[in-house]
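This is final.cif. It holds mmCIF, C-alpha atoms.
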```
data_entry
loop_
_atom_site.label_atom_id
_atom_site.label_comp_id
_atom_site.auth_asym_id
_atom_site.auth_seq_id
_atom_site.Cartn_x
_atom_site.Cartn_y
_atom_site.Cartn_z
CA MET A 6 -48.72 40.65 3.17
CA GLU A 7 -46.76 41.06 -0.07
CA ALA A 8 -43.69 38.84 -0.28
CA GLU A 9 -41.42 41.83 -0.97
CA ILE A 10 -42.54 43.60 2.23
CA THR A 11 -42.19 40.42 4.32
CA VAL A 12 -38.67 39.80 3.02
CA LEU A 13 -37.68 43.42 3.72
CA ILE A 14 -39.03 43.29 7.28
CA MET A 15 -37.27 39.98 7.94
CA PHE A 16 -33.90 41.38 6.91
CA LEU A 17 -34.49 44.57 8.85
CA GLY A 18 -35.26 42.37 11.84
CA VAL A 19 -31.91 40.58 11.41
CA LEU A 20 -30.09 43.91 11.18
CA ILE A 21 -31.80 45.37 14.26
CA GLY A 22 -31.25 42.21 16.31
CA ILE A 23 -27.55 42.13 15.50
CA LEU A 24 -27.09 45.85 16.21
CA LEU A 25 -28.78 45.33 19.58
CA GLY A 26 -26.14 42.73 20.38
CA ALA A 27 -28.38 39.64 20.43
CA PRO A 28 -26.76 36.29 19.48
CA ILE A 29 -27.22 35.65 15.76
CA ALA A 30 -28.58 32.13 16.38
CA PHE A 31 -31.47 33.45 18.51
CA VAL A 32 -32.13 36.39 16.17
CA LEU A 33 -32.55 34.09 13.19
CA ALA A 34 -34.56 31.43 15.05
CA GLY A 35 -36.78 34.04 16.72
CA LEU A 36 -37.60 35.78 13.43
CA ALA A 37 -38.29 32.39 11.84
CA ILE A 38 -40.83 31.56 14.57
CA ILE A 39 -42.54 34.97 14.40
CA PHE A 40 -42.85 35.20 10.63
CA GLY A 41 -43.43 31.48 10.18
CA TYR A 42 -46.41 31.53 12.53
CA TRP A 43 -47.66 34.81 11.04
CA GLU A 44 -47.56 33.59 7.44
CA LEU A 45 -48.08 29.82 7.77
CA GLY A 46 -49.86 29.31 11.08
CA GLU A 47 -49.39 26.32 13.38
CA ARG A 48 -48.27 24.02 10.58
CA VAL A 49 -44.90 25.76 10.70
CA PHE A 50 -43.93 23.98 13.94
CA PRO A 51 -43.90 20.42 12.48
CA MET A 52 -41.83 21.88 9.63
CA PHE A 53 -39.35 23.27 12.16
CA ALA A 54 -39.20 19.95 14.02
CA ASN A 55 -38.41 18.05 10.83
CA ARG A 56 -35.74 20.56 9.78
CA MET A 57 -34.09 20.58 13.21
CA TRP A 58 -34.01 16.77 13.30
CA SER A 59 -32.53 16.68 9.81
CA THR A 60 -29.77 19.08 10.90
CA ALA A 61 -29.07 17.31 14.20
CA SER A 62 -28.83 13.89 12.55
CA ASN A 63 -26.54 15.01 9.71
CA SER A 64 -23.47 12.77 10.04
CA LEU A 65 -21.33 15.16 7.99
CA LEU A 66 -21.50 17.74 10.77
CA ILE A 67 -19.73 15.32 13.14
CA ALA A 68 -16.55 16.44 11.38
CA ILE A 69 -16.89 19.92 12.96
CA PRO A 70 -16.23 18.95 16.61
CA MET A 71 -13.52 16.52 15.48
CA PHE A 72 -11.61 19.22 13.58
CA VAL A 73 -12.09 21.69 16.43
CA PHE A 74 -10.75 19.11 18.90
CA MET A 75 -7.78 18.46 16.60
CA ALA A 76 -7.02 22.20 16.51
CA SER A 77 -7.33 22.53 20.28
CA ILE A 78 -4.94 19.64 20.88
CA LEU A 79 -2.39 20.92 18.36
CA GLU A 80 -2.52 24.36 19.95
CA ARG A 81 -1.23 22.76 23.16
CA SER A 82 1.25 20.35 21.53
CA GLY A 83 4.18 22.74 21.00
CA ILE A 84 4.48 22.00 17.26
CA ALA A 85 3.91 25.61 16.24
CA ASP A 86 6.50 26.97 18.71
CA LYS A 87 9.32 24.83 17.38
CA LEU A 88 8.47 25.41 13.73
CA PHE A 89 8.19 29.17 14.36
CA GLN A 90 11.75 29.32 15.70
CA SER A 91 13.08 27.27 12.77
CA LEU A 92 11.44 29.45 10.10
CA LEU A 93 12.43 32.63 11.92
CA TYR A 94 16.14 31.83 11.57
CA ALA A 95 15.60 30.81 7.93
CA PHE A 96 14.15 34.25 7.04
CA GLY A 97 16.28 36.17 9.54
CA LYS A 98 18.30 38.10 6.95
CA LEU A 99 15.19 39.60 5.33
CA ASN A 100 13.45 42.73 6.47
CA GLY A 101 10.11 41.79 8.01
CA SER A 102 11.44 38.30 8.79
CA ILE A 103 9.11 37.71 11.75
CA ALA A 104 6.06 38.82 9.77
CA LEU A 105 7.10 36.61 6.84
CA THR A 106 7.47 33.70 9.25
CA VAL A 107 3.95 34.35 10.57
CA VAL A 108 2.47 34.11 7.05
CA ILE A 109 4.24 30.83 6.24
CA LEU A 110 3.51 29.27 9.61
CA SER A 111 -0.14 30.41 9.45
CA ALA A 112 -0.53 28.58 6.15
CA VAL A 113 1.06 25.42 7.59
CA PHE A 114 -0.93 25.64 10.82
CA ALA A 115 -4.13 26.23 8.82
CA ALA A 116 -3.56 22.94 7.02
CA VAL A 117 -3.47 21.03 10.31
CA THR A 118 -6.20 22.79 12.30
CA GLY A 119 -9.02 24.14 10.13
CA VAL A 120 -9.99 26.61 12.88
CA MET A 121 -9.22 30.30 12.48
CA GLY A 122 -9.27 31.18 16.19
CA ALA A 123 -6.57 28.66 17.09
CA THR A 124 -4.20 30.06 14.45
CA VAL A 125 -4.76 33.72 15.37
CA VAL A 126 -4.27 33.12 19.09
CA SER A 127 -1.17 30.94 18.59
CA MET A 128 0.47 33.37 16.16
CA SER A 129 -0.34 36.33 18.40
CA LEU A 130 1.19 34.77 21.51
CA MET A 131 4.32 33.64 19.65
CA ALA A 132 5.01 36.44 17.18
CA ILE A 133 3.72 39.78 18.45
CA PRO A 134 5.95 39.92 21.57
CA ALA A 135 8.94 39.17 19.31
CA MET A 136 7.85 41.88 16.86
CA MET A 137 7.51 44.40 19.67
CA LYS A 138 10.99 43.42 20.92
CA TYR A 139 12.52 44.26 17.52
CA GLN A 140 10.51 47.51 17.12
CA TYR A 141 8.10 46.39 14.41
CA ASP A 142 5.32 48.74 13.36
CA LYS A 143 2.32 47.80 15.51
CA ALA A 144 -0.17 48.05 12.65
CA LEU A 145 1.93 45.80 10.40
CA ALA A 146 2.45 43.30 13.21
CA THR A 147 -1.22 42.99 14.18
CA GLY A 148 -2.47 43.08 10.58
CA THR A 149 -0.13 40.26 9.60
CA VAL A 150 -1.26 38.02 12.46
CA ALA A 151 -4.97 38.73 11.91
CA ALA A 152 -4.83 38.20 8.14
CA GLY A 153 -2.53 35.19 8.38
CA GLY A 154 -4.86 33.54 10.86
CA THR A 155 -7.85 33.86 8.53
CA ILE A 156 -6.12 31.77 5.86
CA GLY A 157 -7.29 28.81 7.95
CA ILE A 158 -10.87 29.19 6.72
CA ILE A 159 -9.73 28.52 3.13
CA ILE A 160 -6.88 26.02 3.36
CA PRO A 161 -8.23 22.54 4.14
CA PRO A 162 -9.27 21.03 6.44
CA SER A 163 -11.64 23.88 7.25
CA ILE A 164 -14.87 23.71 9.21
CA MET A 165 -16.22 26.49 7.00
CA LEU A 166 -15.77 24.31 3.92
CA VAL A 167 -17.48 21.42 5.74
CA ILE A 168 -20.53 23.63 6.36
CA MET A 169 -20.43 24.89 2.77
CA ALA A 170 -20.41 21.29 1.54
CA ASP A 171 -23.39 20.50 3.75
CA GLN A 172 -25.37 23.49 2.48
CA SER A 173 -24.50 23.11 -1.20
CA GLY A 174 -24.51 19.34 -1.63
CA GLU A 175 -20.96 19.53 -3.02
CA SER A 176 -18.35 16.95 -2.03
CA VAL A 177 -16.23 17.90 0.99
CA GLY A 178 -13.17 16.41 -0.69
CA ARG A 179 -13.67 18.50 -3.82
CA LEU A 180 -14.19 21.65 -1.76
CA PHE A 181 -11.03 20.90 0.22
CA ALA A 182 -9.14 20.51 -3.06
CA ALA A 183 -10.68 23.68 -4.47
CA GLY A 184 -9.66 25.68 -1.38
CA LEU A 185 -5.98 24.72 -1.38
CA MET A 186 -4.73 26.89 -4.26
CA PRO A 187 -6.74 30.03 -3.33
CA GLY A 188 -5.41 29.71 0.22
CA LEU A 189 -1.83 29.48 -1.04
CA LEU A 190 -2.52 32.42 -3.38
CA LEU A 191 -3.60 34.57 -0.44
CA ALA A 192 -0.56 33.50 1.58
CA GLY A 193 1.66 34.38 -1.39
CA LEU A 194 0.09 37.82 -1.76
CA TYR A 195 0.54 38.52 1.95
CA PHE A 196 4.16 37.34 1.79
CA LEU A 197 4.98 39.53 -1.22
CA TYR A 198 3.26 42.57 0.31
CA ILE A 199 5.28 42.31 3.54
CA LEU A 200 8.52 41.58 1.65
CA ILE A 201 8.13 44.57 -0.70
CA ARG A 202 6.88 47.01 1.91
CA CYS A 203 9.62 46.17 4.41
CA TRP A 204 12.21 46.36 1.62
CA PHE A 205 11.28 49.99 0.95
CA GLN A 206 10.44 50.82 4.58
CA PRO A 207 12.83 48.69 6.67
CA HIS A 208 11.96 50.56 9.87
CA LEU A 209 8.50 48.91 9.76
CA GLY A 210 10.00 45.42 10.13
CA PRO A 211 13.77 45.19 10.60
CA ALA A 212 15.73 41.99 9.98
CA LEU A 213 17.00 39.96 12.90
CA PRO A 214 20.28 41.26 14.35
CA LYS A 215 23.38 39.52 12.98
CA GLU A 216 24.34 38.05 16.35
CA GLU A 217 20.87 36.49 16.60
CA ARG A 218 21.07 35.05 13.07
CA ASP A 219 24.51 33.55 13.68
CA ARG A 220 23.32 31.34 16.54
CA TYR A 221 22.74 28.50 14.05
CA SER A 222 24.41 27.56 10.79
CA ALA A 223 22.43 27.18 7.55
CA LEU A 224 22.73 23.39 7.86
CA GLN A 225 21.40 23.44 11.42
CA VAL A 226 18.45 25.64 10.42
CA THR A 227 17.62 23.34 7.50
CA GLY A 228 17.68 20.33 9.82
CA MET A 229 15.43 22.09 12.34
CA ILE A 230 12.89 22.95 9.65
CA LEU A 231 12.83 19.42 8.24
CA LEU A 232 12.51 17.85 11.69
CA ASN A 233 9.71 20.14 12.83
CA MET A 234 7.87 20.05 9.49
CA VAL A 235 7.49 16.25 9.50
CA PRO A 236 4.62 16.05 12.06
CA PRO A 237 2.42 18.66 10.30
CA VAL A 238 3.06 17.04 6.91
CA LEU A 239 2.11 13.60 8.27
CA LEU A 240 -1.08 15.04 9.74
CA ILE A 241 -1.95 16.81 6.47
CA PHE A 242 -1.51 13.61 4.48
CA GLY A 243 -3.37 11.61 7.11
CA VAL A 244 -6.43 13.84 6.92
CA LEU A 245 -6.52 15.20 3.37
CA GLY A 246 -4.91 12.21 1.70
CA SER A 247 -7.45 9.80 3.16
CA ILE A 248 -10.27 11.98 1.76
CA TRP A 249 -8.78 12.79 -1.63
CA PHE A 250 -7.76 9.21 -2.43
CA GLY A 251 -11.14 7.87 -1.35
CA TYR A 252 -9.99 5.88 1.68
CA ALA A 253 -12.14 7.75 4.21
CA THR A 254 -15.15 10.01 4.41
CA PRO A 255 -14.63 13.54 5.82
CA THR A 256 -16.11 12.41 9.13
CA GLU A 257 -13.75 9.44 9.34
CA ALA A 258 -10.80 11.62 8.29
CA SER A 259 -11.59 14.15 11.02
CA ALA A 260 -11.40 11.32 13.57
CA ILE A 261 -8.04 10.27 12.10
CA GLY A 262 -6.82 13.85 12.48
CA ALA A 263 -7.95 14.08 16.10
CA PHE A 264 -6.17 10.79 16.92
CA LEU A 265 -2.95 11.85 15.17
CA ALA A 266 -3.03 15.18 17.04
CA LEU A 267 -3.12 13.28 20.34
CA VAL A 268 -0.22 11.10 19.19
CA MET A 269 1.84 14.18 18.28
CA MET A 270 1.01 15.83 21.59
CA THR A 271 2.35 12.74 23.35
CA ILE A 272 5.50 12.60 21.21
CA TYR A 273 6.27 16.24 21.98
CA GLY A 274 5.91 15.53 25.70
CA ARG A 275 2.96 17.88 26.19
CA PHE A 276 0.26 15.30 26.95
CA SER A 277 -1.73 15.81 30.14
CA TRP A 278 -5.29 15.09 31.16
CA GLN A 279 -5.74 18.76 32.02
CA ALA A 280 -4.85 19.71 28.43
CA VAL A 281 -7.31 17.12 27.09
CA LYS A 282 -9.99 18.43 29.45
CA GLU A 283 -9.42 22.01 28.29
CA ALA A 284 -9.45 20.97 24.62
CA THR A 285 -12.68 19.04 25.14
CA TRP A 286 -14.33 22.02 26.80
CA THR A 287 -13.19 24.35 24.00
CA THR A 288 -14.51 21.89 21.43
CA THR A 289 -17.88 21.65 23.18
CA ARG A 290 -18.36 25.41 23.38
CA THR A 291 -17.30 26.06 19.78
CA SER A 292 -19.33 23.19 18.33
CA CYS A 293 -22.47 24.17 20.23
CA MET A 294 -22.15 27.74 18.98
CA VAL A 295 -21.69 26.61 15.37
CA LEU A 296 -24.58 24.13 15.47
CA ALA A 297 -26.89 26.64 17.18
CA VAL A 298 -26.27 29.15 14.39
CA ILE A 299 -26.80 26.42 11.78
CA VAL A 300 -30.18 25.50 13.29
CA GLY A 301 -31.28 29.14 13.63
CA ALA A 302 -30.22 30.05 10.10
CA THR A 303 -31.79 26.89 8.68
CA LEU A 304 -35.17 27.77 10.22
CA PHE A 305 -34.85 31.37 9.00
CA THR A 306 -34.03 30.18 5.47
CA GLN A 307 -36.97 27.74 5.51
CA VAL A 308 -39.42 30.51 6.39
CA PHE A 309 -37.73 32.91 3.99
CA MET A 310 -38.31 30.47 1.13
CA ALA A 311 -41.86 29.65 2.26
CA VAL A 312 -42.99 33.30 2.19
CA GLY A 313 -41.66 33.82 -1.34
CA GLY A 314 -38.17 35.08 -0.58
CA ARG A 315 -36.53 33.06 -3.34
CA ASP A 316 -38.84 34.58 -5.97
CA VAL A 317 -38.17 38.09 -4.66
CA VAL A 318 -34.41 37.69 -4.80
CA THR A 319 -34.58 35.87 -8.15
CA ASP A 320 -36.53 38.75 -9.66
CA LEU A 321 -34.06 41.24 -8.20
CA VAL A 322 -31.04 39.37 -9.56
CA LEU A 323 -32.64 38.97 -12.99
CA ILE A 324 -33.27 42.72 -13.08
CA LEU A 325 -29.63 43.29 -12.19
CA ASP A 326 -28.62 40.77 -14.85
CA ASP A 327 -30.57 42.74 -17.47
CA GLN A 328 -29.06 46.01 -16.30
CA PHE A 329 -25.45 45.01 -15.55
CA GLY A 330 -24.94 41.64 -17.26
CA MET A 331 -23.59 38.37 -15.89
CA TRP A 332 -20.43 39.79 -14.34
CA GLY A 333 -22.19 42.84 -12.98
CA THR A 334 -24.58 40.54 -11.15
CA PHE A 335 -21.64 38.50 -9.83
CA ALA A 336 -20.06 41.72 -8.57
CA MET A 337 -23.30 42.58 -6.77
CA MET A 338 -23.33 39.13 -5.13
CA MET A 339 -19.76 39.62 -3.93
CA LEU A 340 -20.62 43.10 -2.64
CA VAL A 341 -23.60 41.71 -0.70
CA VAL A 342 -21.41 39.01 0.91
CA PHE A 343 -18.76 41.61 1.78
CA LEU A 344 -21.27 44.03 3.34
CA LEU A 345 -22.97 41.25 5.31
CA GLY A 346 -19.54 40.50 6.79
CA PHE A 347 -19.78 43.77 8.72
CA LEU A 348 -23.01 42.64 10.38
CA ILE A 349 -23.29 38.84 10.48
CA ASP A 350 -20.79 36.09 11.20
CA TRP A 351 -19.68 33.75 8.42
CA ILE A 352 -22.03 30.91 9.35
CA GLY A 353 -25.09 33.16 9.07
CA ILE A 354 -23.88 34.54 5.74
CA ILE A 355 -23.43 31.05 4.29
CA LEU A 356 -26.80 29.77 5.45
CA ILE A 357 -28.65 32.88 4.25
CA THR A 358 -26.94 33.41 0.88
CA PHE A 359 -26.29 29.86 -0.38
CA PRO A 360 -29.94 28.90 -1.03
CA ILE A 361 -30.27 32.08 -3.10
CA PHE A 362 -26.94 32.72 -4.78
CA LEU A 363 -25.96 29.18 -5.79
CA PRO A 364 -29.08 28.37 -7.88
CA LEU A 365 -29.01 31.82 -9.48
CA GLY A 366 -25.30 31.60 -10.18
CA THR A 367 -25.75 28.22 -11.84
CA LEU A 368 -28.68 29.64 -13.83
CA MET A 369 -26.40 32.41 -15.15
CA GLY A 370 -23.76 29.89 -16.20
CA PHE A 371 -21.23 30.04 -13.35
CA ASN A 372 -19.46 26.89 -12.20
CA GLU A 373 -20.98 26.12 -8.77
CA LEU A 374 -17.71 24.92 -7.23
CA TRP A 375 -15.97 28.08 -8.41
CA LEU A 376 -18.77 30.30 -7.07
CA ILE A 377 -18.66 28.59 -3.66
CA MET A 378 -14.94 29.23 -3.38
CA MET A 379 -15.30 32.84 -4.49
CA ILE A 380 -17.76 33.35 -1.64
CA ALA A 381 -15.35 31.54 0.69
CA VAL A 382 -12.46 33.85 -0.21
CA ASN A 383 -14.76 36.86 0.16
CA LEU A 384 -15.85 35.64 3.60
CA GLN A 385 -12.30 36.10 4.87
CA ALA A 386 -13.18 39.79 5.11
CA SER A 387 -15.93 39.01 7.64
CA PHE A 388 -13.20 37.98 10.12
CA LEU A 389 -11.34 41.28 9.66
CA THR A 390 -14.13 43.86 9.52
CA PRO A 391 -15.81 45.41 12.58
CA PRO A 392 -18.05 45.04 14.47
CA VAL A 393 -18.19 41.20 14.29
CA GLY A 394 -14.67 40.50 12.99
CA TYR A 395 -13.70 37.54 15.18
CA ALA A 396 -9.99 37.73 14.30
CA LEU A 397 -9.85 41.30 15.62
CA PHE A 398 -11.23 40.33 19.01
CA TYR A 399 -9.14 37.16 19.31
CA LEU A 400 -6.13 39.35 18.59
CA LYS A 401 -7.07 42.15 20.99
CA GLY A 402 -7.40 39.63 23.80
CA THR A 403 -3.82 38.37 23.36
CA VAL A 404 -1.70 41.38 22.32
CA PRO A 405 0.70 43.06 24.80
CA ARG A 406 -0.23 46.26 26.57
CA GLY A 407 0.27 49.30 24.34
CA VAL A 408 -1.23 47.70 21.24
CA THR A 409 -4.66 49.28 20.74
CA MET A 410 -7.71 48.40 18.67
CA MET A 411 -6.84 51.28 16.33
CA HIS A 412 -3.49 49.65 15.56
CA ILE A 413 -5.37 46.46 14.66
CA TYR A 414 -7.95 48.26 12.48
CA LYS A 415 -5.19 50.17 10.68
CA GLY A 416 -3.19 46.99 10.15
CA VAL A 417 -5.89 44.87 8.53
CA TRP A 418 -6.94 47.25 5.73
CA PRO A 419 -4.01 46.50 3.39
CA PHE A 420 -4.79 42.80 3.73
CA LEU A 421 -8.46 43.42 2.95
CA LEU A 422 -7.34 45.07 -0.29
CA LEU A 423 -5.15 42.04 -1.03
CA GLN A 424 -8.23 39.82 -0.60
CA VAL A 425 -9.98 41.92 -3.27
CA VAL A 426 -6.94 41.42 -5.51
CA ALA A 427 -7.19 37.66 -4.92
CA ILE A 428 -10.88 37.66 -5.88
CA VAL A 429 -10.04 39.47 -9.14
CA ILE A 430 -7.24 36.99 -9.92
CA LEU A 431 -9.53 34.01 -9.24
CA ALA A 432 -12.23 35.53 -11.46
CA VAL A 433 -9.77 36.00 -14.33
CA PHE A 434 -8.12 32.59 -13.82
CA PRO A 435 -10.86 30.24 -12.53
CA GLU A 436 -8.61 27.23 -13.17
CA ILE A 437 -6.79 28.07 -9.93
CA ILE A 438 -9.93 26.79 -8.19
CA THR A 439 -11.22 24.15 -10.60
CA TRP A 440 -8.01 22.35 -11.63
CA LEU A 441 -7.18 20.29 -8.53
CA PRO A 442 -10.73 19.01 -7.67
CA GLN A 443 -10.91 17.02 -10.91
CA PHE A 444 -8.27 14.62 -9.54
CA VAL A 445 -10.07 13.99 -6.23
CA ALA A 446 -11.82 10.68 -5.68
CA ARG A 447 -14.69 12.12 -3.62
#
```

Please express what this file holds, its structure, as structure tokens.
Amino acid sequence: MEAEITVLIMFLGVLIGILLGAPIAFVLAGLAIIFGYWELGERVFPMFANRMWSTASNSLLIAIPMFVFMASILERSGIADKLFQSLLYAFGKLNGSIALTVVILSAVFAAVTGVMGATVVSMSLMAIPAMMKYQYDKALATGTVAAGGTIGIIIPPSIMLVIMADQSGESVGRLFAAGLMPGLLLAGLYFLYILIRCWFQPHLGPALPKEERDRYSALQVTGMILLNMVPPVLLIFGVLGSIWFGYATPTEASAIGAFLALVMMTIYGRFSWQAVKEATWTTTRTSCMVLAVIVGATLFTQVFMAVGGRDVVTDLVLILDDQFGMWGTFAMMMLVVFLLGFLIDWIGIILITFPIFLPLGTLMGFNELWLIMMIAVNLQASFLTPPVGYALFYLKGTVPRGVTMMHIYKGVWPFLLLQVVAIVILAVFPEIITWLPQFVAR
């Protein structure tokens, strides 16, 4: 069979499998087995065994369960609750103060968890009831929490960046450094959007009542913020500092983070064996899901390359390059990643697109580190777009009664547009991504 036809059928198979509701890991692995045996015969099975063993024995991937465990412990430690109250009183005079607090706290929480789900659930349980109490617009409230939670996939430590490092061969430390400024850029755009919109439409997000704001003096609020910001800052320096200054590998740093999270949980008086048991179970489920998708997508990519998929896509991109130029081709790559976000989760997108887009992007003269981060920023949309937008479903499972899925869908669209704005800014000013990694040891 012609390579073009095989590639087309394989991608149609992925689309049909996902639309039928089958788990992406089994869709990709199943198609790999079918087309691998069809095109390569029985010799494909030793190839699969070698690839699966290589994935299972990759020490870098040990960082994934460690970071997930760290996030699960921190979710139960009470750190976020105390910091939320402190920041809320600091922004209390501003319209949209609760939403502004969510954005700032999401960025801080992202830097100490690396797991999007933990941030979305925590922010939803803390902030949305308060927003409903003060008559916030439901779309603005849910959109803020969903978008703020997704910042965690960009700001290090992030399990998505760990997987991207594994698939690209780039240093985890450099990717963590490259992700910091784009993450802060997104948080800044969200903050400004809420501030400006609530300034002109104060009924969407009123300020805290004066009697509520006067409960603490400015000095007391400052002290509360400093006191509750110390543990997250220590954890950030413990994890990222040990990587960036070359004292620890990402795997070792993830273990440091998990240990420090347990210490903080104990200091805050929230330690219990039941909490550790629940965090361990959450870590096991999440890690197994991630690794299953990695294995399935790896087998799919191996067969895709073996049947001539790379040549097909290379020819297509070169045709686009001739027709639309370097930046037109880049725009097409970004469009493909964005559209895949409606159908496939972020792990599948990374494992399918990286073997194709990264070599072609380098061939066209793009900085590989910059291109990886552009895809990472783009992938935020996959968490906010139906039908597989994880942030939407995490949010729907935690919001109070009366908040519908339509409120959530309506709320996320302005933030999706802000993500497009961020991509344009990062394309015009690539130094936002490339400046900090040059100072990182590894």

Identify which of the residues A:Phe96, A:Phe371, A:Phe53, A:Phe242 lies closest to Pro435 in chain A, counting only C-alpha atoms when measuring atom-to-atom distances. A:Phe371

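When the PyMOL selection byres ((chain A and resi 417-424) around 8) is evaluated on the file shown here, the picked residues come out as A:Ala144, A:Thr147, A:Gly148, A:Thr149, A:Ala151, A:Ala152, A:Leu191, A:Leu194, A:Tyr195, A:Val382, A:Asn383, A:Gln385, A:Ala386, A:Leu389, A:Ile413, A:Tyr414, A:Lys415, A:Gly416, A:Val425, A:Val426, A:Ala427, A:Ile428.
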
Pick from A:Gly330, A:Pro236, A:Gly83, A:Pro255, whichever lies nearest to Ser64 in chain A using all atoms listed in the file: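 Checking each of A:Gly330, A:Pro236, A:Gly83, A:Pro255 against Ser64 in chain A, counting all atoms listed in the file, the winner is A:Pro255.
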
To test your reading of the syntax: which residues would the PyMOL selection byres ((chain A and resi 167) around 12) return for the file shown? Reply as a PyMOL selection string. chain A and resi 63-73+119-120+158-166+168-181+184+254-256+259+295+352+355+377+381

Fewer than 5 positions away in the same chain doesn't count, so skip those; otherwise give me all residues within 10 Å of range 106-115 of chain A, counting only C-alpha atoms, as a PDB file with C-alpha atoms, in the coordinates of the input.
```
ATOM      1  CA  ALA A  76      -7.020  22.200  16.510  1.00  0.00           C
ATOM      2  CA  LEU A  79      -2.390  20.920  18.360  1.00  0.00           C
ATOM      3  CA  GLU A  80      -2.520  24.360  19.950  1.00  0.00           C
ATOM      4  CA  ILE A  84       4.480  22.000  17.260  1.00  0.00           C
ATOM      5  CA  ALA A  85       3.910  25.610  16.240  1.00  0.00           C
ATOM      6  CA  ASP A  86       6.500  26.970  18.710  1.00  0.00           C
ATOM      7  CA  LEU A  88       8.470  25.410  13.730  1.00  0.00           C
ATOM      8  CA  PHE A  89       8.190  29.170  14.360  1.00  0.00           C
ATOM      9  CA  GLN A  90      11.750  29.320  15.700  1.00  0.00           C
ATOM     10  CA  SER A  91      13.080  27.270  12.770  1.00  0.00           C
ATOM     11  CA  LEU A  92      11.440  29.450  10.100  1.00  0.00           C
ATOM     12  CA  LEU A  93      12.430  32.630  11.920  1.00  0.00           C
ATOM     13  CA  TYR A  94      16.140  31.830  11.570  1.00  0.00           C
ATOM     14  CA  ALA A  95      15.600  30.810   7.930  1.00  0.00           C
ATOM     15  CA  PHE A  96      14.150  34.250   7.040  1.00  0.00           C
ATOM     16  CA  GLY A  97      16.280  36.170   9.540  1.00  0.00           C
ATOM     17  CA  GLY A 101      10.110  41.790   8.010  1.00  0.00           C
ATOM     18  CA  VAL A 120      -9.990  26.610  12.880  1.00  0.00           C
ATOM     19  CA  MET A 121      -9.220  30.300  12.480  1.00  0.00           C
ATOM     20  CA  ALA A 123      -6.570  28.660  17.090  1.00  0.00           C
ATOM     21  CA  THR A 124      -4.200  30.060  14.450  1.00  0.00           C
ATOM     22  CA  VAL A 125      -4.760  33.720  15.370  1.00  0.00           C
ATOM     23  CA  SER A 127      -1.170  30.940  18.590  1.00  0.00           C
ATOM     24  CA  MET A 128       0.470  33.370  16.160  1.00  0.00           C
ATOM     25  CA  SER A 129      -0.340  36.330  18.400  1.00  0.00           C
ATOM     26  CA  MET A 131       4.320  33.640  19.650  1.00  0.00           C
ATOM     27  CA  ALA A 132       5.010  36.440  17.180  1.00  0.00           C
ATOM     28  CA  ILE A 133       3.720  39.780  18.450  1.00  0.00           C
ATOM     29  CA  ALA A 146       2.450  43.300  13.210  1.00  0.00           C
ATOM     30  CA  THR A 149      -0.130  40.260   9.600  1.00  0.00           C
ATOM     31  CA  VAL A 150      -1.260  38.020  12.460  1.00  0.00           C
ATOM     32  CA  ALA A 151      -4.970  38.730  11.910  1.00  0.00           C
ATOM     33  CA  ALA A 152      -4.830  38.200   8.140  1.00  0.00           C
ATOM     34  CA  GLY A 153      -2.530  35.190   8.380  1.00  0.00           C
ATOM     35  CA  GLY A 154      -4.860  33.540  10.860  1.00  0.00           C
ATOM     36  CA  THR A 155      -7.850  33.860   8.530  1.00  0.00           C
ATOM     37  CA  ILE A 156      -6.120  31.770   5.860  1.00  0.00           C
ATOM     38  CA  GLY A 157      -7.290  28.810   7.950  1.00  0.00           C
ATOM     39  CA  ILE A 158     -10.870  29.190   6.720  1.00  0.00           C
ATOM     40  CA  ILE A 159      -9.730  28.520   3.130  1.00  0.00           C
ATOM     41  CA  ILE A 160      -6.880  26.020   3.360  1.00  0.00           C
ATOM     42  CA  PRO A 161      -8.230  22.540   4.140  1.00  0.00           C
ATOM     43  CA  PRO A 162      -9.270  21.030   6.440  1.00  0.00           C
ATOM     44  CA  SER A 163     -11.640  23.880   7.250  1.00  0.00           C
ATOM     45  CA  GLY A 188      -5.410  29.710   0.220  1.00  0.00           C
ATOM     46  CA  LEU A 189      -1.830  29.480  -1.040  1.00  0.00           C
ATOM     47  CA  LEU A 191      -3.600  34.570  -0.440  1.00  0.00           C
ATOM     48  CA  ALA A 192      -0.560  33.500   1.580  1.00  0.00           C
ATOM     49  CA  GLY A 193       1.660  34.380  -1.390  1.00  0.00           C
ATOM     50  CA  LEU A 194       0.090  37.820  -1.760  1.00  0.00           C
ATOM     51  CA  TYR A 195       0.540  38.520   1.950  1.00  0.00           C
ATOM     52  CA  PHE A 196       4.160  37.340   1.790  1.00  0.00           C
ATOM     53  CA  ILE A 199       5.280  42.310   3.540  1.00  0.00           C
ATOM     54  CA  MET A 234       7.870  20.050   9.490  1.00  0.00           C
ATOM     55  CA  PRO A 237       2.420  18.660  10.300  1.00  0.00           C
ATOM     56  CA  VAL A 238       3.060  17.040   6.910  1.00  0.00           C
ATOM     57  CA  ILE A 241      -1.950  16.810   6.470  1.00  0.00           C
TER      58      ILE A 241
END
```

Calculated over all atoms listed in the file, which of the candidates A:Val408, A:Val429, A:Ile324, A:Ala183 has the smallest distance to Tyr141 in chain A?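 Looking only at the distances to Tyr141 in chain A, the closest residue turns out to be A:Val408.
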
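Residues surrounding range 41-51 of chain A within 12 Å are A:Met6, A:Glu7, A:Ala8, A:Thr11, A:Val12, A:Met15, A:Leu33, A:Ala34, A:Gly35, A:Met57, A:Trp58, A:Leu304, A:Phe305, A:Thr306, A:Gln307, A:Val308, A:Phe309, A:Met310, A:Ala311, A:Val312, A:Gly313 [all atoms listed in the file; sequence separation below 6 positions excluded].
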